[in-house]
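J.: Dropping in work38.cif, which is mmCIF, C-alpha atoms and all ligand atoms:
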```cif
data_input
loop_
_atom_site.label_atom_id
_atom_site.label_comp_id
_atom_site.auth_asym_id
_atom_site.auth_seq_id
_atom_site.Cartn_x
_atom_site.Cartn_y
_atom_site.Cartn_z
CA MET A 2 104.86 77.97 90.37
CA THR A 3 101.34 77.14 89.32
CA ALA A 4 98.82 79.45 87.72
CA GLN A 5 96.68 78.89 90.81
CA ALA A 6 99.37 80.37 93.07
CA LEU A 7 99.45 83.54 90.92
CA ILE A 8 95.66 83.74 91.01
CA ASP A 9 95.63 83.28 94.80
CA THR A 10 98.17 86.08 95.31
CA ALA A 11 96.38 88.46 92.92
CA GLN A 12 93.10 87.82 94.69
CA ALA A 13 94.66 88.20 98.14
CA LEU A 14 96.03 91.64 97.18
CA VAL A 15 92.54 92.98 96.43
CA ALA A 16 90.52 90.86 98.91
CA GLY A 17 88.01 92.49 101.25
CA ASP A 18 88.53 96.21 101.72
CA LYS A 19 92.33 96.48 101.82
CA GLY A 20 94.64 98.02 99.24
CA LEU A 21 98.29 98.38 98.31
CA LEU A 22 100.80 100.87 99.62
CA ALA A 23 103.35 102.08 97.07
CA MET A 24 106.63 102.85 98.89
CA ASP A 25 108.86 102.25 95.89
CA GLU A 26 110.05 105.77 95.10
CA SER A 27 113.45 105.87 93.44
CA ASN A 28 116.14 107.67 95.44
CA ALA A 29 115.78 110.73 93.17
CA THR A 30 112.01 110.97 93.75
CA CYS A 31 112.39 110.30 97.48
CA HIS A 32 115.02 113.06 97.70
CA LYS A 33 112.77 115.56 95.90
CA ARG A 34 110.08 114.98 98.54
CA PHE A 35 112.62 115.07 101.41
CA ALA A 36 114.20 118.30 100.10
CA LYS A 37 110.86 120.16 100.27
CA LEU A 38 110.71 119.42 104.02
CA GLY A 39 114.40 119.95 104.78
CA ILE A 40 114.97 116.23 105.46
CA PRO A 41 118.55 115.09 104.77
CA GLN A 42 118.83 113.27 101.44
CA THR A 43 120.78 110.31 102.72
CA GLU A 44 120.58 106.54 102.75
CA SER A 45 119.96 106.56 106.50
CA ALA A 46 117.06 109.06 106.25
CA ARG A 47 115.47 106.92 103.52
CA ARG A 48 115.87 103.86 105.76
CA ASP A 49 114.38 105.68 108.77
CA TRP A 50 111.38 106.78 106.68
CA ARG A 51 110.74 103.29 105.35
CA GLU A 52 111.14 101.81 108.86
CA LEU A 53 108.50 104.26 110.12
CA ILE A 54 106.14 103.00 107.41
CA VAL A 55 106.63 99.24 107.76
CA THR A 56 106.41 99.35 111.56
CA ALA A 57 103.30 101.58 111.72
CA PRO A 58 100.92 99.97 114.25
CA GLY A 59 97.71 98.76 112.61
CA LEU A 60 98.92 99.08 109.00
CA GLY A 61 98.24 95.41 108.27
CA ALA A 62 94.54 95.87 109.05
CA CYS A 63 94.10 98.11 105.99
CA ILE A 64 97.03 97.34 103.66
CA SER A 65 97.31 94.01 101.80
CA GLY A 66 100.61 94.56 100.01
CA ALA A 67 103.52 97.01 99.95
CA ILE A 68 105.62 97.83 96.89
CA LEU A 69 109.29 98.21 97.81
CA PHE A 70 112.27 99.69 95.97
CA ASP A 71 115.46 97.69 95.30
CA GLU A 72 117.30 99.48 98.13
CA THR A 73 114.39 99.02 100.57
CA ILE A 74 113.88 95.29 100.04
CA ARG A 75 117.49 94.83 101.21
CA GLN A 76 117.16 97.03 104.32
CA ARG A 77 116.52 96.20 107.97
CA THR A 78 114.89 97.97 110.90
CA SER A 79 117.08 99.47 113.61
CA ALA A 80 116.25 96.33 115.63
CA GLY A 81 117.79 94.22 112.86
CA ALA A 82 114.69 92.67 111.23
CA SER A 83 114.45 92.72 107.44
CA PHE A 84 111.67 94.97 106.13
CA VAL A 85 110.31 91.95 104.24
CA SER A 86 109.95 89.95 107.47
CA VAL A 87 108.33 92.88 109.31
CA LEU A 88 105.77 93.30 106.51
CA SER A 89 105.05 89.57 106.32
CA GLY A 90 104.65 89.48 110.09
CA ALA A 91 102.00 92.22 109.80
CA GLY A 92 100.12 90.21 107.15
CA ILE A 93 101.30 92.51 104.33
CA ILE A 94 102.50 90.85 101.10
CA PRO A 95 105.89 92.25 99.97
CA GLY A 96 106.21 93.44 96.36
CA ILE A 97 108.92 95.16 94.36
CA LYS A 98 109.22 97.83 91.66
CA VAL A 99 111.26 96.28 88.84
CA ASP A 100 111.35 98.92 86.09
CA THR A 101 114.44 101.10 85.96
CA GLY A 102 112.62 104.30 85.06
CA ALA A 103 111.08 106.23 82.19
CA LYS A 104 113.74 107.38 79.67
CA PRO A 105 113.37 109.76 76.70
CA LEU A 106 111.81 107.98 73.72
CA ALA A 107 114.04 108.37 70.66
CA GLY A 108 112.50 110.53 67.96
CA HIS A 109 109.61 111.61 70.19
CA PRO A 110 110.40 114.79 72.11
CA GLY A 111 108.56 115.05 75.43
CA GLU A 112 107.73 111.34 75.61
CA THR A 113 109.28 108.41 77.45
CA VAL A 114 109.60 104.66 77.32
CA THR A 115 110.14 102.71 80.51
CA GLU A 116 113.31 100.60 80.64
CA GLY A 117 114.39 97.60 82.68
CA LEU A 118 113.77 94.50 80.54
CA ASP A 119 117.46 93.56 80.15
CA GLY A 120 118.36 91.09 82.88
CA LEU A 121 114.83 91.20 84.29
CA ARG A 122 114.44 87.40 84.41
CA GLU A 123 117.48 87.14 86.71
CA ARG A 124 116.39 90.09 88.90
CA LEU A 125 112.90 88.61 89.31
CA ALA A 126 114.41 85.28 90.41
CA GLU A 127 116.50 87.13 93.02
CA TYR A 128 113.52 89.13 94.32
CA ALA A 129 111.41 85.95 94.55
CA VAL A 130 114.10 84.38 96.77
CA MET A 131 114.08 87.55 98.92
CA GLY A 132 110.34 87.09 99.51
CA ALA A 133 108.65 89.33 96.93
CA ARG A 134 105.38 87.88 95.65
CA PHE A 135 104.38 90.59 93.21
CA ALA A 136 106.08 93.25 91.11
CA LYS A 137 105.30 96.60 89.55
CA TRP A 138 106.27 98.37 86.29
CA ARG A 139 105.11 101.87 85.37
CA GLY A 140 104.74 103.12 81.80
CA VAL A 141 104.20 106.87 81.41
CA ILE A 142 101.94 108.53 78.85
CA THR A 143 102.23 112.31 78.56
CA THR A 144 99.37 114.44 77.26
CA GLY A 145 99.98 117.64 75.29
CA ALA A 146 99.76 119.25 71.86
CA GLY A 147 99.98 116.27 69.49
CA LEU A 148 100.75 113.94 72.42
CA PRO A 149 100.67 111.12 73.12
CA SER A 150 102.01 109.61 69.92
CA ARG A 151 100.86 106.15 68.83
CA ALA A 152 104.51 105.09 69.16
CA CYS A 153 104.63 106.05 72.85
CA ILE A 154 101.47 104.09 73.65
CA GLU A 155 102.62 101.02 71.69
CA VAL A 156 106.19 100.78 73.03
CA ASN A 157 105.04 101.18 76.62
CA ALA A 158 102.23 98.63 76.18
CA HIS A 159 104.70 96.19 74.63
CA ALA A 160 107.19 96.61 77.48
CA LEU A 161 104.45 96.26 80.12
CA ALA A 162 103.38 92.94 78.59
CA ARG A 163 106.97 91.66 78.30
CA TYR A 164 107.52 92.50 81.98
CA ALA A 165 104.19 90.91 82.98
CA ALA A 166 104.96 87.66 81.16
CA LEU A 167 108.40 87.44 82.80
CA CYS A 168 106.85 88.09 86.23
CA GLN A 169 104.37 85.26 85.86
CA GLU A 170 107.14 82.92 84.67
CA ALA A 171 108.98 83.77 87.93
CA GLY A 172 105.85 83.25 90.05
CA LEU A 173 105.31 86.95 90.79
CA VAL A 174 101.99 88.70 90.17
CA PRO A 175 102.49 91.63 87.77
CA VAL A 176 100.92 94.93 88.74
CA VAL A 177 100.65 96.56 85.32
CA GLU A 178 100.80 100.35 85.63
CA PRO A 179 100.14 102.48 82.54
CA GLU A 180 99.89 106.07 83.83
CA VAL A 181 98.36 108.87 81.79
CA LEU A 182 99.80 111.90 83.60
CA MET A 183 97.61 114.60 85.19
CA GLU A 184 99.98 117.40 84.14
CA GLY A 185 98.51 119.69 81.49
CA ASP A 186 95.39 121.64 80.62
CA HIS A 187 93.59 118.82 78.79
CA SER A 188 89.93 118.11 79.49
CA LEU A 189 88.46 115.10 81.26
CA ALA A 190 87.11 113.93 77.88
CA ARG A 191 90.64 114.00 76.41
CA CYS A 192 91.99 112.02 79.38
CA ALA A 193 89.19 109.48 78.86
CA GLU A 194 90.09 109.13 75.19
CA ILE A 195 93.82 108.65 75.86
CA THR A 196 93.26 106.30 78.81
CA GLU A 197 90.91 104.18 76.71
CA GLU A 198 93.45 104.00 73.83
CA THR A 199 96.23 103.14 76.24
CA LEU A 200 94.38 100.43 78.16
CA HIS A 201 93.16 98.91 74.94
CA ALA A 202 96.74 98.73 73.60
CA VAL A 203 97.97 97.26 76.91
CA PHE A 204 95.38 94.46 76.93
CA VAL A 205 96.06 93.64 73.25
CA GLN A 206 99.74 93.15 74.15
CA LEU A 207 98.96 91.21 77.33
CA ARG A 208 96.86 88.79 75.29
CA LEU A 209 99.41 88.55 72.47
CA GLN A 210 102.17 87.73 74.95
CA GLY A 211 100.15 85.13 76.84
CA VAL A 212 99.73 86.88 80.17
CA LEU A 213 97.24 85.16 82.50
CA LEU A 214 94.68 87.86 83.19
CA GLU A 215 93.43 86.13 86.36
CA GLY A 216 96.96 86.32 87.81
CA MET A 217 97.63 90.05 87.36
CA LEU A 218 96.38 93.41 88.62
CA LEU A 219 95.94 96.70 86.75
CA LYS A 220 97.20 99.94 88.29
CA PRO A 221 95.79 102.76 86.15
CA ASN A 222 95.25 106.50 86.53
CA MET A 223 91.75 107.74 87.21
CA VAL A 224 90.10 109.63 84.34
CA LEU A 225 90.69 113.27 85.38
CA PRO A 226 90.81 116.71 83.83
CA GLY A 227 94.40 118.00 83.54
CA GLN A 228 95.67 119.86 86.63
CA GLU A 229 95.65 123.16 84.71
CA CYS A 230 92.29 122.61 83.00
CA PRO A 231 89.91 125.44 84.03
CA LYS A 232 86.99 123.00 84.21
CA GLN A 233 87.39 120.57 87.14
CA GLU A 234 84.56 118.02 87.18
CA SER A 235 82.86 116.85 90.36
CA VAL A 236 83.90 113.75 92.28
CA GLU A 237 80.87 111.91 90.86
CA GLU A 238 81.65 112.89 87.25
CA VAL A 239 85.25 111.69 87.64
CA ALA A 240 84.03 108.43 89.20
CA ASP A 241 81.56 107.76 86.38
CA ALA A 242 84.03 108.63 83.60
CA THR A 243 86.66 106.37 85.17
CA VAL A 244 84.30 103.42 85.62
CA SER A 245 82.97 103.78 82.09
CA CYS A 246 86.51 103.83 80.62
CA LEU A 247 87.50 100.75 82.61
CA ARG A 248 84.34 98.85 81.60
CA ARG A 249 85.25 99.37 77.96
CA THR A 250 88.81 98.17 78.25
CA VAL A 251 89.50 95.83 81.20
CA PRO A 252 88.47 92.18 80.79
CA ALA A 253 86.32 90.72 83.56
CA ALA A 254 88.97 88.04 84.18
CA VAL A 255 91.26 90.63 85.83
CA PRO A 256 90.61 90.29 89.59
CA GLY A 257 91.33 93.86 90.60
CA ILE A 258 92.15 97.41 89.65
CA ALA A 259 94.26 99.38 92.13
CA PHE A 260 94.54 103.05 91.24
CA LEU A 261 97.63 105.22 91.49
CA SER A 262 97.02 108.66 93.01
CA GLY A 263 99.13 110.61 90.50
CA GLY A 264 99.35 113.89 92.45
CA GLN A 265 95.71 114.19 93.57
CA SER A 266 95.26 115.43 97.13
CA ALA A 267 94.89 112.70 99.73
CA GLN A 268 91.22 113.60 100.30
CA LEU A 269 90.30 113.69 96.61
CA ALA A 270 91.98 110.34 95.95
CA SER A 271 89.84 108.83 98.73
CA ALA A 272 86.64 110.64 97.70
CA ARG A 273 86.87 109.61 94.05
CA LEU A 274 87.57 105.95 94.86
CA ASN A 275 84.71 106.08 97.33
CA ALA A 276 82.31 107.45 94.72
CA MET A 277 83.23 104.70 92.26
CA ASN A 278 82.54 102.00 94.80
CA ALA A 279 79.40 103.64 96.20
CA ARG A 280 77.87 104.25 92.75
CA ALA A 281 78.95 101.15 90.80
CA GLY A 282 80.99 98.83 93.02
CA SER A 283 78.56 95.93 93.36
CA ARG A 284 77.89 95.84 89.59
CA LEU A 285 81.54 95.63 88.49
CA PRO A 286 83.44 92.45 87.56
CA TRP A 287 86.68 93.51 89.31
CA ALA A 288 87.51 94.94 92.72
CA LEU A 289 88.25 98.69 92.71
CA ALA A 290 91.11 99.27 95.16
CA PHE A 291 94.04 101.62 95.70
CA SER A 292 97.81 101.47 95.30
CA TYR A 293 98.66 104.99 96.37
CA SER A 294 102.02 106.44 97.25
CA ARG A 295 101.65 110.20 97.68
CA ALA A 296 97.97 110.11 98.72
CA VAL A 297 98.84 107.82 101.65
CA GLN A 298 102.41 108.87 102.48
CA GLN A 299 102.45 112.66 102.04
CA PRO A 300 100.52 113.70 105.17
CA ALA A 301 102.72 111.37 107.22
CA LEU A 302 105.91 112.70 105.63
CA ASP A 303 104.74 116.27 106.39
CA ALA A 304 104.25 115.24 110.04
CA TRP A 305 107.58 113.39 110.34
CA LYS A 306 109.91 116.03 108.85
CA GLY A 307 112.85 113.74 109.51
CA ASP A 308 112.54 114.09 113.31
CA ALA A 309 112.52 110.95 115.48
CA ALA A 310 110.26 112.77 117.95
CA ASN A 311 107.49 112.80 115.31
CA VAL A 312 107.51 109.10 114.43
CA ALA A 313 104.34 108.15 116.34
CA VAL A 314 102.26 111.03 115.03
CA ALA A 315 103.48 110.38 111.46
CA GLN A 316 102.56 106.71 111.78
CA GLN A 317 99.08 107.72 112.94
CA ALA A 318 98.72 110.01 109.90
CA LEU A 319 99.80 107.18 107.60
CA VAL A 320 97.37 104.65 109.05
CA HIS A 321 94.60 107.26 109.03
CA ARG A 322 94.96 107.69 105.25
CA ALA A 323 95.11 103.92 104.73
CA ARG A 324 91.89 103.59 106.77
CA CYS A 325 90.18 106.35 104.75
CA ASN A 326 90.96 104.43 101.56
CA GLN A 327 89.78 101.21 103.16
CA ALA A 328 86.46 102.98 103.85
CA ALA A 329 86.47 104.21 100.22
CA ARG A 330 86.68 100.60 99.05
CA ARG A 331 83.42 99.97 100.88
CA GLY A 332 81.87 103.22 99.63
CA VAL A 333 81.53 104.58 103.19
CA TYR A 334 84.33 107.19 103.31
CA ASP A 335 83.13 110.31 105.14
CA VAL A 336 84.51 113.22 103.09
CA LEU A 337 83.29 115.92 105.47
CA ALA A 338 84.71 114.30 108.60
CA ASP A 339 88.06 113.95 106.82
CA ALA A 340 88.28 117.56 105.58
CA PRO A 341 91.72 119.12 106.20
CA LYS A 342 91.67 121.08 109.48
CA PRO A 343 92.46 124.80 109.20
CA GLY A 344 95.95 125.80 110.34
P1 LIG A 401 101.25 107.93 93.39
O1 LIG A 401 100.07 107.32 94.12
O2 LIG A 401 101.98 108.95 94.17
O3 LIG A 401 100.89 108.34 91.98
O4 LIG A 401 102.31 106.77 93.21
C1 LIG A 401 101.90 105.54 92.77
C2 LIG A 401 103.03 104.86 92.13
O5 LIG A 401 103.33 103.75 92.46
C3 LIG A 401 103.75 105.58 91.07
O6 LIG A 401 104.43 104.66 90.28
#
```
Take the structure from the file and write it as structure tokens.
T.:
Amino acid sequence: MTAQALIDTAQALVAGDKGLLAMDESNATCHKRFAKLGIPQTESARRDWRELIVTAPGLGACISGAILFDETIRQRTSAGASFVSVLSGAGIIPGIKVDTGAKPLAGHPGETVTEGLDGLRERLAEYAVMGARFAKWRGVITTGAGLPSRACIEVNAHALARYAALCQEAGLVPVVEPEVLMEGDHSLARCAEITEETLHAVFVQLRLQGVLLEGMLLKPNMVLPGQECPKQESVEEVADATVSCLRRTVPAAVPGIAFLSGGQSAQLASARLNAMNARAGSRLPWALAFSYSRAVQQPALDAWKGDAANVAVAQQALVHRARCNQAARRGVYDVLADAPKPG
């Protein structure tokens, strides 16, 4: 695998106005979302849901890559086609989540370190054979009284860089995801400070460990006030704070930044990305794209409710959100036209 192949894949994932779709929820996370809607928490319901997503008509016109979970990359549609082949046929590049989850960090109550490095070289080789061309790893940074600790930022940055180097060795583009969580009552300024510290630590480690910046993508949080913070800044203030934080920390060699949604509403996730691109897009060195899970999937999951009769309407809801974010990449998302309808 040449460096050029990594660069080509990274660029293809953020080319034009498309973005990534994260559909890599662990079974536990998937079940939590199913339980709220009374959907059975079974392997076959998970397969049905993922089939609905990968076969949604028109998805390939707005989605460049889809991040799968270990179970999903091995599954097939009811017609017998592998999900990987269905995605590839729609022009969507298959990717895979390769971390094994955030586990309590010893000696640091309330904080986590993401695991999954043991045996990763072998797992990456297997996923590459199955058709994956990129991979994702999420490190989690929690904000709170005295948090995050320096230790939490450093161990997660170190693991992200070890994973990224292994991915590139295997010919997979790493999507490096350090997430500063929205939970808490912290201010936007505090989120900016922590996100800046975290991204700085991540890029120090990426450089130290020899990761090719041109052959990777960054998947960060936006700079937001905590969910319980009484002061909630405007869409424009969030956009400007996020862009300014990224300018300070992300080298121009990185081809693209694809945000996670982190629990924002679907409309806000679109509106904030839109404002970044409308206000600064043409003056930035990297593409600003999306790699949302909840902000693209949730309205569709609400429409599906586990009922085969709702598949078509759920697929329309899914593609609608993907199209809204595609418009946000161009800075032409119409917030008012997309307002949630009463009832
Ligand atoms: P959300 O967009 O729901 O935050 O999910 C993105 C993701 O991939 C989490 O790891």
J.: Hey, which of A:Glu215, A:Arg273, A:Ala103, A:Arg124 ends up closest to Pro286 of chain A? Count all atoms listed in the file.
T.: A:Glu215
J.: Could you tell me, counting all atoms listed in the file, which protein and nucleic acid residues lie no more than 9 Å from ligand LIG 401 (chain A), written as a PyMOL selection string?
T.: chain A and resi 22-26+68+98+137-140+178+180+220+222+260-265+270+291-299
J.: Here is a test: counting only C-alpha atoms, which residue of A:Pro149, A:Ile93, A:Ala16, A:Arg122 is nearest to Arg191 of chain A?
T.: A:Pro149
J.: Using only C-alpha atoms, find the one residue out of A:Ala82, A:Ala190, A:Leu269, A:Leu213 that sits nearest to Cys230 of chain A.
T.: A:Ala190
J.: May I have the protein, DNA and RNA residues with any atom at most 12 Å from the point (100.5, 108.8, 71.6), counting all atoms listed in the file, written as a VMD selection string?
T.: chain A and resid 106 109 to 114 141 to 158 181 192 194 to 199 202
J.: Rebuild segment 182-207 of chain A to N, CA and C atoms - output it as a PDB file, keeping the file's coordinate frame, please.
T.:
```
ATOM      1  N   LEU A 182      99.490 110.870  82.603  1.00  0.00           N
ATOM      2  CA  LEU A 182      99.800 111.900  83.600  1.00  0.00           C
ATOM      3  C   LEU A 182      98.695 112.953  83.711  1.00  0.00           C
ATOM      4  N   MET A 183      98.583 113.517  84.930  1.00  0.00           N
ATOM      5  CA  MET A 183      97.610 114.600  85.190  1.00  0.00           C
ATOM      6  C   MET A 183      98.102 115.961  84.715  1.00  0.00           C
ATOM      7  N   GLU A 184      99.430 116.091  84.495  1.00  0.00           N
ATOM      8  CA  GLU A 184      99.980 117.400  84.140  1.00  0.00           C
ATOM      9  C   GLU A 184      99.419 117.863  82.797  1.00  0.00           C
ATOM     10  N   GLY A 185      99.001 119.137  82.751  1.00  0.00           N
ATOM     11  CA  GLY A 185      98.510 119.690  81.490  1.00  0.00           C
ATOM     12  C   GLY A 185      97.159 120.353  81.655  1.00  0.00           C
ATOM     13  N   ASP A 186      96.679 120.934  80.542  1.00  0.00           N
ATOM     14  CA  ASP A 186      95.390 121.640  80.620  1.00  0.00           C
ATOM     15  C   ASP A 186      94.315 120.897  79.831  1.00  0.00           C
ATOM     16  N   HIS A 187      94.552 119.613  79.564  1.00  0.00           N
ATOM     17  CA  HIS A 187      93.590 118.820  78.790  1.00  0.00           C
ATOM     18  C   HIS A 187      92.298 118.605  79.589  1.00  0.00           C
ATOM     19  N   SER A 188      91.238 118.312  78.853  1.00  0.00           N
ATOM     20  CA  SER A 188      89.930 118.110  79.490  1.00  0.00           C
ATOM     21  C   SER A 188      89.794 116.673  79.998  1.00  0.00           C
ATOM     22  N   LEU A 189      88.769 116.458  80.797  1.00  0.00           N
ATOM     23  CA  LEU A 189      88.460 115.100  81.260  1.00  0.00           C
ATOM     24  C   LEU A 189      88.155 114.202  80.060  1.00  0.00           C
ATOM     25  N   ALA A 190      87.445 114.741  79.061  1.00  0.00           N
ATOM     26  CA  ALA A 190      87.110 113.930  77.880  1.00  0.00           C
ATOM     27  C   ALA A 190      88.373 113.480  77.153  1.00  0.00           C
ATOM     28  N   ARG A 191      89.376 114.359  77.080  1.00  0.00           N
ATOM     29  CA  ARG A 191      90.640 114.000  76.410  1.00  0.00           C
ATOM     30  C   ARG A 191      91.374 112.921  77.222  1.00  0.00           C
ATOM     31  N   CYS A 192      91.362 113.051  78.537  1.00  0.00           N
ATOM     32  CA  CYS A 192      91.990 112.020  79.380  1.00  0.00           C
ATOM     33  C   CYS A 192      91.280 110.682  79.186  1.00  0.00           C
ATOM     34  N   ALA A 193      89.954 110.720  79.058  1.00  0.00           N
ATOM     35  CA  ALA A 193      89.190 109.480  78.860  1.00  0.00           C
ATOM     36  C   ALA A 193      89.596 108.817  77.548  1.00  0.00           C
ATOM     37  N   GLU A 194      89.737 109.651  76.512  1.00  0.00           N
ATOM     38  CA  GLU A 194      90.090 109.130  75.190  1.00  0.00           C
ATOM     39  C   GLU A 194      91.484 108.474  75.214  1.00  0.00           C
ATOM     40  N   ILE A 195      92.444 109.171  75.836  1.00  0.00           N
ATOM     41  CA  ILE A 195      93.820 108.650  75.860  1.00  0.00           C
ATOM     42  C   ILE A 195      93.903 107.416  76.760  1.00  0.00           C
ATOM     43  N   THR A 196      93.218 107.458  77.896  1.00  0.00           N
ATOM     44  CA  THR A 196      93.260 106.300  78.810  1.00  0.00           C
ATOM     45  C   THR A 196      92.641 105.081  78.128  1.00  0.00           C
ATOM     46  N   GLU A 197      91.555 105.303  77.401  1.00  0.00           N
ATOM     47  CA  GLU A 197      90.910 104.180  76.710  1.00  0.00           C
ATOM     48  C   GLU A 197      91.852 103.596  75.644  1.00  0.00           C
ATOM     49  N   GLU A 198      92.493 104.460  74.855  1.00  0.00           N
ATOM     50  CA  GLU A 198      93.450 104.000  73.830  1.00  0.00           C
ATOM     51  C   GLU A 198      94.577 103.212  74.477  1.00  0.00           C
ATOM     52  N   THR A 199      95.083 103.757  75.583  1.00  0.00           N
ATOM     53  CA  THR A 199      96.230 103.140  76.240  1.00  0.00           C
ATOM     54  C   THR A 199      95.862 101.778  76.817  1.00  0.00           C
ATOM     55  N   LEU A 200      94.758 101.714  77.541  1.00  0.00           N
ATOM     56  CA  LEU A 200      94.380 100.430  78.160  1.00  0.00           C
ATOM     57  C   LEU A 200      94.061  99.394  77.098  1.00  0.00           C
ATOM     58  N   HIS A 201      93.446  99.842  76.014  1.00  0.00           N
ATOM     59  CA  HIS A 201      93.160  98.910  74.940  1.00  0.00           C
ATOM     60  C   HIS A 201      94.474  98.329  74.396  1.00  0.00           C
ATOM     61  N   ALA A 202      95.447  99.200  74.130  1.00  0.00           N
ATOM     62  CA  ALA A 202      96.740  98.730  73.600  1.00  0.00           C
ATOM     63  C   ALA A 202      97.423  97.796  74.593  1.00  0.00           C
ATOM     64  N   VAL A 203      97.329  98.103  75.878  1.00  0.00           N
ATOM     65  CA  VAL A 203      97.970  97.260  76.910  1.00  0.00           C
ATOM     66  C   VAL A 203      97.329  95.864  76.914  1.00  0.00           C
ATOM     67  N   PHE A 204      96.013  95.797  76.864  1.00  0.00           N
ATOM     68  CA  PHE A 204      95.380  94.460  76.930  1.00  0.00           C
ATOM     69  C   PHE A 204      95.555  93.672  75.631  1.00  0.00           C
ATOM     70  N   VAL A 205      95.713  94.349  74.495  1.00  0.00           N
ATOM     71  CA  VAL A 205      96.060  93.640  73.250  1.00  0.00           C
ATOM     72  C   VAL A 205      97.419  92.953  73.430  1.00  0.00           C
ATOM     73  N   GLN A 206      98.391  93.706  73.962  1.00  0.00           N
ATOM     74  CA  GLN A 206      99.740  93.150  74.150  1.00  0.00           C
ATOM     75  C   GLN A 206      99.753  92.049  75.210  1.00  0.00           C
ATOM     76  N   LEU A 207      98.992  92.239  76.281  1.00  0.00           N
ATOM     77  CA  LEU A 207      98.960  91.210  77.330  1.00  0.00           C
ATOM     78  C   LEU A 207      98.435  89.903  76.757  1.00  0.00           C
TER      79      LEU A 207
END
```
